[in-house]
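Below is model-v9.cif, holding mmCIF, C-alpha atoms.
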data_target
loop_
_atom_site.label_atom_id
_atom_site.label_comp_id
_atom_site.auth_asym_id
_atom_site.auth_seq_id
_atom_site.Cartn_x
_atom_site.Cartn_y
_atom_site.Cartn_z
CA MET A 1 57.17 -67.40 111.60
CA CYS A 2 55.55 -70.12 109.50
CA ASP A 3 58.23 -69.64 106.83
CA LEU A 4 60.99 -70.24 109.41
CA ASP A 5 59.22 -73.37 110.65
CA GLU A 6 59.01 -74.71 107.09
CA TYR A 7 62.67 -73.89 106.50
CA ALA A 8 63.71 -75.76 109.65
CA LYS A 9 61.58 -78.75 108.62
CA GLN A 10 63.17 -78.80 105.15
CA LYS A 11 66.70 -78.72 106.61
CA LYS A 12 65.90 -81.49 109.10
CA ALA A 13 64.29 -83.66 106.42
CA MET A 14 67.31 -83.29 104.12
CA GLY A 15 69.65 -84.10 107.00
CA LYS A 16 67.63 -87.15 107.94
CA ARG A 17 67.72 -88.38 104.34
CA PHE A 18 71.49 -87.85 104.18
CA LYS A 19 71.91 -89.89 107.37
CA GLN A 20 69.81 -92.68 105.84
CA PHE A 21 72.10 -92.60 102.80
CA ARG A 22 75.27 -92.64 104.95
CA GLU A 23 74.02 -95.56 107.00
CA LEU A 24 72.99 -97.45 103.87
CA VAL A 25 76.49 -97.16 102.41
CA GLU A 26 77.80 -98.21 105.84
CA LYS A 27 80.19 -95.31 106.34
CA SER A 28 80.90 -93.35 109.49
CA LYS A 29 81.18 -89.58 109.31
CA ILE A 30 84.95 -89.89 109.82
CA GLN A 31 85.26 -92.50 107.05
CA MET A 32 83.42 -90.17 104.66
CA GLU A 33 85.71 -87.29 105.60
CA GLN A 34 88.83 -89.40 105.08
CA GLU A 35 87.65 -90.86 101.76
CA ALA A 36 86.64 -87.47 100.36
CA ASN A 37 89.91 -85.83 101.43
CA LEU A 38 88.41 -82.42 100.60
CA PRO A 39 88.60 -79.37 102.89
CA LEU A 40 84.84 -78.75 102.72
CA ILE A 41 83.82 -82.30 103.70
CA LYS A 42 84.43 -82.79 107.39
CA ALA A 43 82.84 -85.18 109.91
CA GLU A 44 81.57 -82.20 111.92
CA LYS A 45 79.85 -80.72 108.87
CA ILE A 46 78.22 -84.09 108.12
CA LYS A 47 76.99 -84.22 111.73
CA GLN A 48 75.57 -80.68 111.52
CA PHE A 49 73.83 -81.51 108.23
CA GLU A 50 72.32 -84.71 109.62
CA TYR A 51 70.93 -82.81 112.62
CA GLY A 52 69.39 -80.19 110.34
CA ALA A 53 71.63 -77.40 111.60
CA ILE A 54 73.11 -76.52 108.19
CA ILE A 55 72.67 -76.98 104.47
CA PRO A 56 76.08 -77.97 103.07
CA ASP A 57 77.76 -76.19 100.19
CA ILE A 58 77.46 -77.33 96.60
CA ILE A 59 80.90 -78.99 96.61
CA PHE A 60 79.79 -81.23 99.47
CA ILE A 61 76.61 -82.28 97.67
CA GLN A 62 78.36 -82.64 94.32
CA TYR A 63 80.94 -85.00 95.82
CA PHE A 64 78.29 -87.42 97.11
CA THR A 65 76.20 -87.28 93.95
CA GLU A 66 79.24 -87.98 91.76
CA GLU A 67 81.14 -90.45 93.94
CA TYR A 68 78.24 -92.42 95.41
CA GLY A 69 75.46 -91.78 92.92
CA LEU A 70 73.33 -90.05 95.57
CA ASN A 71 70.14 -88.84 93.90
CA LEU A 72 69.84 -85.07 94.36
CA THR A 73 66.08 -85.16 93.84
CA TRP A 74 65.73 -87.70 96.63
CA LEU A 75 68.05 -85.75 98.95
CA VAL A 76 66.25 -82.43 98.47
CA THR A 77 62.62 -83.51 98.10
CA GLY A 78 62.40 -87.15 99.18
CA GLY A 79 61.04 -88.04 95.73
CA GLY A 80 62.46 -90.69 93.47
CA PHE A 81 65.11 -93.23 94.37
CA LEU A 82 68.01 -92.80 96.77
CA PHE A 83 70.62 -93.64 94.11
CA ASN A 84 71.07 -92.51 90.51
CA LYS A 85 72.79 -94.35 87.79
CA LYS A 86 76.18 -92.70 87.39
CA GLY A 87 75.95 -89.55 85.29
CA ASP A 88 72.13 -89.44 85.43
CA LYS A 89 71.74 -85.74 86.25
CA THR A 90 72.74 -82.89 83.97
CA PRO A 91 73.08 -79.29 85.23
CA GLU A 92 69.67 -78.62 83.66
CA ASP A 93 68.18 -81.47 85.70
CA ILE A 94 69.66 -80.06 88.89
CA TYR A 95 68.31 -76.58 88.07
CA ARG A 96 64.85 -78.05 87.41
CA ILE A 97 64.91 -79.98 90.70
CA PHE A 98 65.61 -76.83 92.69
CA ARG A 99 63.18 -74.75 90.61
CA ASP A 100 60.34 -77.22 91.13
CA PHE A 101 61.15 -77.79 94.81
CA LYS A 102 59.85 -74.34 95.79
CA PRO A 103 62.00 -73.96 98.92
CA SER A 104 61.47 -71.08 101.33
CA ASN A 105 63.19 -67.77 100.60
CA LYS A 106 65.44 -68.31 103.61
CA LEU A 107 66.61 -71.67 102.24
CA ILE A 108 67.26 -70.13 98.82
CA ASN A 109 69.25 -67.28 100.37
CA GLU A 110 71.30 -69.73 102.44
CA ILE A 111 72.10 -71.84 99.37
CA ILE A 112 73.10 -68.71 97.43
CA GLY A 113 75.30 -67.58 100.32
CA ILE A 114 76.94 -70.98 100.59
CA ASN A 115 77.65 -70.99 96.86
CA GLN A 116 79.20 -67.51 97.05
CA ARG A 117 81.35 -68.49 100.05
CA SER A 118 82.44 -71.66 98.24
CA ARG A 119 83.47 -69.68 95.18
CA THR A 120 85.40 -67.21 97.36
CA HIS A 121 87.12 -70.09 99.15
CA VAL A 122 88.09 -71.80 95.88
CA SER A 123 89.33 -68.51 94.45
CA CYS A 124 91.40 -67.85 97.57
CA VAL A 125 92.90 -71.36 97.49
CA ASN A 126 93.80 -70.86 93.82
CA ASN A 127 95.40 -67.50 94.67
CA GLN A 128 97.34 -69.06 97.54
CA LEU A 129 98.66 -71.69 95.18
CA GLN A 130 99.80 -68.85 92.91
CA GLY A 131 101.36 -66.90 95.80
CA GLY A 132 98.57 -64.44 96.67
CA CYS A 133 95.54 -64.22 99.04
CA HIS A 134 97.15 -64.84 102.44
CA GLY A 135 94.00 -64.32 104.49
#

This entry written out as structure tokens:
Amino acid sequence: MCDLDEYAKQKKAMGKRFKQFRELVEKSKIQMEQEANLPLIKAEKIKQFEYGAIIPDIIFIQYFTEEYGLNLTWLVTGGGFLFNKKGDKTPEDIYRIFRDFKPSNKLINEIIGINQRSRTHVSCVNNQLQGGCHG
């Protein structure tokens, strides 16, 4: 039970930090959705993330780190500064952040699941564009 409590705390803390970021850049959830214009970034998903109900997929996080300079270390752990300089993090840096974070097994499994679903979604979209995958 303690592991689930820690997992819930981690999700809520990340969501709270994302809300701080969103308010700092003075954007509503709907404005962020419209600006991103990506199928995986929706106002409802932002709301769920901010309330600690979900951990968003990697495409969601990547968009805000690349477009706004959101610091992944700060988002995940609360350490460091809220913003990066553009291009600050390499894939190795991101791996190290998650490796050193030591999240609960449940959080790791959710992130892995989200990544797999994102890959399936992207693959399906690509297939649809090529005339296949109608499901």

**Item:** atom CA of A:Phe60 to atom CA of A:Ala43, distance in Å rounded to a single decimal
**Value:**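 Atom CA of A:Ala43 lies 11.6 Å from atom CA of A:Phe60.
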
**Message:** So that I can see what lies close to stretch 78-84 of chain A, please list as a ChimeraX atom specification the residues with an atom at most 8 Å from it, counting only C-alpha atoms and leaving out residues fewer than 6 positions away in the same chain.
**Reply:** /A:14,17,21,68-71

**Request:** Can you work out the spacing between atom CA of A:Ala8 and atom CA of A:Glu26 in Å, to one decimal?
**Result:**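 It comes out at 26.8 Å.
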
**Of the listed residues A:Ile46, A:Lys11, A:Leu75, A:Asp3, that which approaches A:Lys27 most closely, counting all atoms listed in the file** =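 Nearest candidate to A:Lys27 out of A:Ile46, A:Lys11, A:Leu75, A:Asp3: A:Ile46.
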
**Asked** Restricting the calculation to only C-alpha atoms, which member of A:Ile30, A:Ile41, A:Ile54, A:Ile61 is positioned closest to A:Ala13?
**Response**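 When distances to A:Ala13 are compared using only C-alpha atoms, the smallest one comes from A:Ile54.
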
**Request:** Would you work out the distance separating atom CA of A:Ala53 from atom CA of A:Arg22, expressed in Å to one decimal?
**Result:** 17.0 Å

**Prompt:** Closest to A:Glu110 among A:Glu67, A:Tyr51, A:Val76, A:Pro56, using only C-alpha atoms?
**Reply:** A:Pro56

So that all listed atoms of stretch 6-10 of chain A fit with 3 Å spare on each side, what axis-aligned box centre and edge lengths in Å, to one decimal, would you give as AutoDock Vina command-line options?
--center_x 61.4 --center_y -76.3 --center_z 107.4 --size_x 10.7 --size_y 10.9 --size_z 10.5
